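Q: Structure supplied as model-v9.csv; contents: CSV, C-alpha atoms.
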```csv
chain,number,residue,atom,x,y,z
J,53,MET,CA,-10.7,10.8,-1.4
J,54,ARG,CA,-7.4,9.1,-1.7
J,55,PHE,CA,-6.2,5.9,-0.1
J,56,LEU,CA,-2.8,4.3,0.3
J,57,SER,CA,-2.8,0.5,-0.2
J,58,MET,CA,0.2,-1.2,1.3
J,59,VAL,CA,0.8,-4.8,0.4
J,60,LYS,CA,2.4,-6.6,3.3
J,61,LEU,CA,4.1,-10.0,3.2
J,62,THR,CA,6.8,-12.1,4.9
J,63,GLU,CA,10.1,-11.2,3.4
J,64,GLY,CA,11.9,-14.1,1.6
J,65,LYS,CA,8.7,-16.1,1.4
J,66,SER,CA,7.3,-14.6,-1.8
J,67,SER,CA,8.5,-14.4,-5.4
J,68,PRO,CA,8.0,-11.5,-7.8
J,69,PRO,CA,4.6,-11.5,-9.5
J,70,SER,CA,4.3,-13.4,-12.8
J,71,LYS,CA,3.5,-11.7,-16.1
J,72,ALA,CA,0.0,-13.2,-15.8
J,73,MET,CA,-0.4,-11.6,-12.4
J,74,ILE,CA,0.8,-8.2,-13.7
J,75,ASP,CA,-1.5,-8.4,-16.7
J,76,ALA,CA,-4.4,-9.3,-14.4
J,77,VAL,CA,-3.7,-6.4,-12.1
J,78,ASN,CA,-3.5,-4.0,-15.1
J,79,GLN,CA,-6.8,-5.3,-16.3
J,80,LEU,CA,-8.3,-4.7,-12.9
J,81,VAL,CA,-7.0,-1.2,-12.8
J,82,GLN,CA,-8.6,-0.4,-16.1
J,83,GLU,CA,-11.9,-1.9,-15.0
J,84,VAL,CA,-12.1,0.0,-11.7
J,85,ALA,CA,-11.1,3.2,-13.4
J,86,LYS,CA,-14.5,3.0,-15.2
J,87,GLU,CA,-16.1,2.9,-11.7
J,88,GLY,CA,-14.4,6.1,-10.6
J,89,CYS,CA,-11.5,4.4,-8.8
J,90,VAL,CA,-8.3,5.8,-10.3
J,91,MET,CA,-4.8,4.5,-9.5
J,92,VAL,CA,-2.6,7.6,-9.1
J,93,GLN,CA,0.7,5.8,-8.4
J,94,SER,CA,2.0,2.4,-7.6
J,95,GLY,CA,5.3,0.5,-7.2
J,96,GLY,CA,7.1,-2.4,-5.6
J,97,LEU,CA,9.8,-2.0,-2.9
J,98,TYR,CA,13.2,-3.6,-2.9
J,99,PRO,CA,14.1,-6.0,0.0
J,100,THR,CA,14.9,-4.5,3.4
J,101,SER,CA,18.5,-5.3,2.8
J,102,ALA,CA,18.6,-2.3,0.4
J,103,GLY,CA,17.0,0.0,3.0
J,104,ALA,CA,17.8,1.8,6.2
J,105,ARG,CA,15.9,3.1,9.2
J,106,VAL,CA,16.4,6.5,10.8
J,107,ARG,CA,15.1,6.6,14.3
J,108,LEU,CA,14.7,9.3,16.9
J,109,ALA,CA,14.5,8.0,20.5
J,110,GLY,CA,15.6,9.4,23.8
J,111,GLY,CA,16.8,12.6,22.0
J,112,LYS,CA,19.2,10.6,19.8
J,113,ILE,CA,19.0,9.9,16.1
J,114,THR,CA,20.3,6.5,15.0
J,115,VAL,CA,20.6,5.0,11.6
J,116,THR,CA,20.3,1.2,11.0
J,117,ASP,CA,21.0,-0.4,7.7
J,118,GLY,CA,18.9,-3.3,6.5
J,119,PRO,CA,18.1,-6.1,6.5
J,120,PHE,CA,15.6,-5.8,9.4
J,121,THR,CA,15.6,-9.4,10.6
J,122,GLU,CA,13.2,-8.6,13.4
J,123,ALA,CA,10.5,-7.6,11.0
J,124,LYS,CA,7.8,-10.3,10.7
J,125,GLU,CA,6.0,-8.5,7.9
J,126,ILE,CA,7.3,-5.9,5.4
J,127,VAL,CA,5.6,-3.6,2.9
J,128,GLY,CA,6.4,-5.1,-0.5
J,129,GLY,CA,4.5,-2.7,-2.6
J,130,TYR,CA,2.0,0.2,-2.6
J,131,ALA,CA,-0.6,2.0,-4.6
J,132,ILE,CA,-2.4,5.3,-4.2
J,133,PHE,CA,-6.0,5.4,-5.4
J,134,ASP,CA,-8.5,8.2,-5.8
J,135,VAL,CA,-11.8,6.6,-4.9
J,136,PRO,CA,-15.4,7.6,-4.2
J,137,SER,CA,-15.5,6.0,-0.8
J,138,LYS,CA,-13.7,3.7,1.7
J,139,ALA,CA,-16.3,1.0,0.9
J,140,HIS,CA,-15.3,1.2,-2.8
J,141,MET,CA,-11.6,0.9,-1.9
J,142,ILE,CA,-12.3,-2.2,0.2
J,143,ARG,CA,-14.2,-3.9,-2.7
J,144,VAL,CA,-11.4,-3.1,-5.1
J,145,THR,CA,-8.8,-4.5,-2.7
J,146,GLU,CA,-10.8,-7.7,-2.3
J,147,ARG,CA,-10.7,-8.1,-6.0
J,148,PHE,CA,-6.9,-7.4,-6.0
J,149,MET,CA,-6.3,-10.1,-3.3
J,150,ALA,CA,-8.5,-12.6,-5.2
J,151,LEU,CA,-6.0,-12.1,-8.1
J,152,HIS,CA,-3.2,-13.3,-5.8
J,153,LYS,CA,-5.2,-16.4,-4.9
J,154,THR,CA,-5.7,-17.2,-8.6
J,155,HIS,CA,-2.3,-16.2,-10.1
J,156,MET,CA,0.0,-16.8,-7.1
J,157,PRO,CA,-1.3,-20.0,-5.3
J,158,GLY,CA,0.0,-20.3,-1.8
J,159,TRP,CA,0.8,-16.5,-1.5
J,160,GLU,CA,-0.1,-15.1,1.9
J,161,GLY,CA,-0.2,-11.5,2.8
J,162,GLU,CA,-2.5,-8.5,3.4
J,163,CYS,CA,-3.3,-5.1,2.2
J,164,GLU,CA,-3.5,-2.3,4.7
J,165,LEU,CA,-5.7,0.6,3.5
J,166,ARG,CA,-5.1,4.1,4.9
J,167,GLN,CA,-6.9,7.2,3.9
J,168,LEU,CA,-4.5,10.0,3.0
J,169,ALA,CA,-4.8,13.2,4.9
J,170,ALA,CA,-5.0,16.5,3.0
J,171,PRO,CA,-5.6,20.0,4.2
J,172,GLY,CA,-9.2,21.1,3.8
J,173,GLU,CA,-10.5,17.5,3.3
J,174,PRO,CA,-12.7,16.0,6.0
J,175,GLU,CA,-11.2,13.5,8.4
J,176,PRO,CA,-12.6,10.0,8.4
J,177,CYS,CA,-15.1,11.0,11.1
J,178,GLY,CA,-16.3,13.9,8.9
J,179,GLN,CA,-14.7,16.7,10.8
J,180,PRO,CA,-12.7,19.3,8.7
J,181,ARG,CA,-9.0,19.2,9.1
J,182,GLU,CA,-7.4,22.3,10.7
J,183,ALA,CA,-4.8,24.2,8.8
J,184,GLU,CA,-1.6,22.3,8.7
J,185,ALA,CA,1.9,23.9,9.0
J,186,ALA,CA,4.3,23.3,6.1
J,187,VAL,CA,6.9,20.7,6.8
```
What's the structure tokens form of this structure?
A:
Amino acid sequence: MRFLSMVKLTEGKSSPPSKAMIDAVNQLVQEVAKEGCVMVQSGGLYPTSAGARVRLAGGKITVTDGPFTEAKEIVGGYAIFDVPSKAHMIRVTERFMALHKTHMPGWEGECELRQLAAPGEPEPCGQPREAEAAV
């Protein structure tokens, strides 16, 4: 099963990761791969000032350029993992957050984990997904 891990933080209150942090994360990724937890993709996101929101509300489409000052937390980065179970993903994420504690003292944030839906795969409750229409 695949999970999306979204690293959330307060914009403007965090600095980019140090080389030591990046090296520690790379080491963690290598270690967990041996346990069957494979990182498929990852990346950081630019500040909201470089983004835009496209919203549909009341039958109207509106576009708002960043920054999004009303946002309390933003997604600063993400990773997609292929893992044996949700429990395994949680354990890996706890190790990832511990690296922040060690290599980025004072950093505060969270990782939200969401299982990726795929046709034919069981839903989290164990029920098979119905055929999905192409988007």
Q: When you draw a straight line from CA of Gly88 in chain J to CA of Met141 in chain J, how long is it in Å?
A: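 These two atoms are separated by 10.5 Å.
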Q: I need the residue nearest Val135 in chain J from this list: J:Met73, J:Leu61, J:Val90, J:Leu56. Use all atoms listed in the file for the distance.
A: J:Val90
Q: Quick one: residues within 10 Å of Ser94 in chain J, all atoms listed in the file, excluding same-chain residues fewer than 4 positions away - as a CSV table (one decimal) with C-alpha atoms, in the frame of the given file?
A:
```
chain,number,residue,atom,x,y,z
J,56,LEU,CA,-2.8,4.3,0.3
J,57,SER,CA,-2.8,0.5,-0.2
J,58,MET,CA,0.2,-1.2,1.3
J,129,GLY,CA,4.5,-2.7,-2.6
J,130,TYR,CA,2.0,0.2,-2.6
J,131,ALA,CA,-0.6,2.0,-4.6
J,132,ILE,CA,-2.4,5.3,-4.2
J,133,PHE,CA,-6.0,5.4,-5.4
```
Q: Quick one, how far is CA of Gly64 in chain J from CA of Leu165 in chain J?
A: 23.0 Å
Q: Just the number, please: distance in Å from CA of Arg143 in chain J to CA of Ile126 in chain J, one decimal.
A: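 Here the two named atoms are 23.1 Å from each other.
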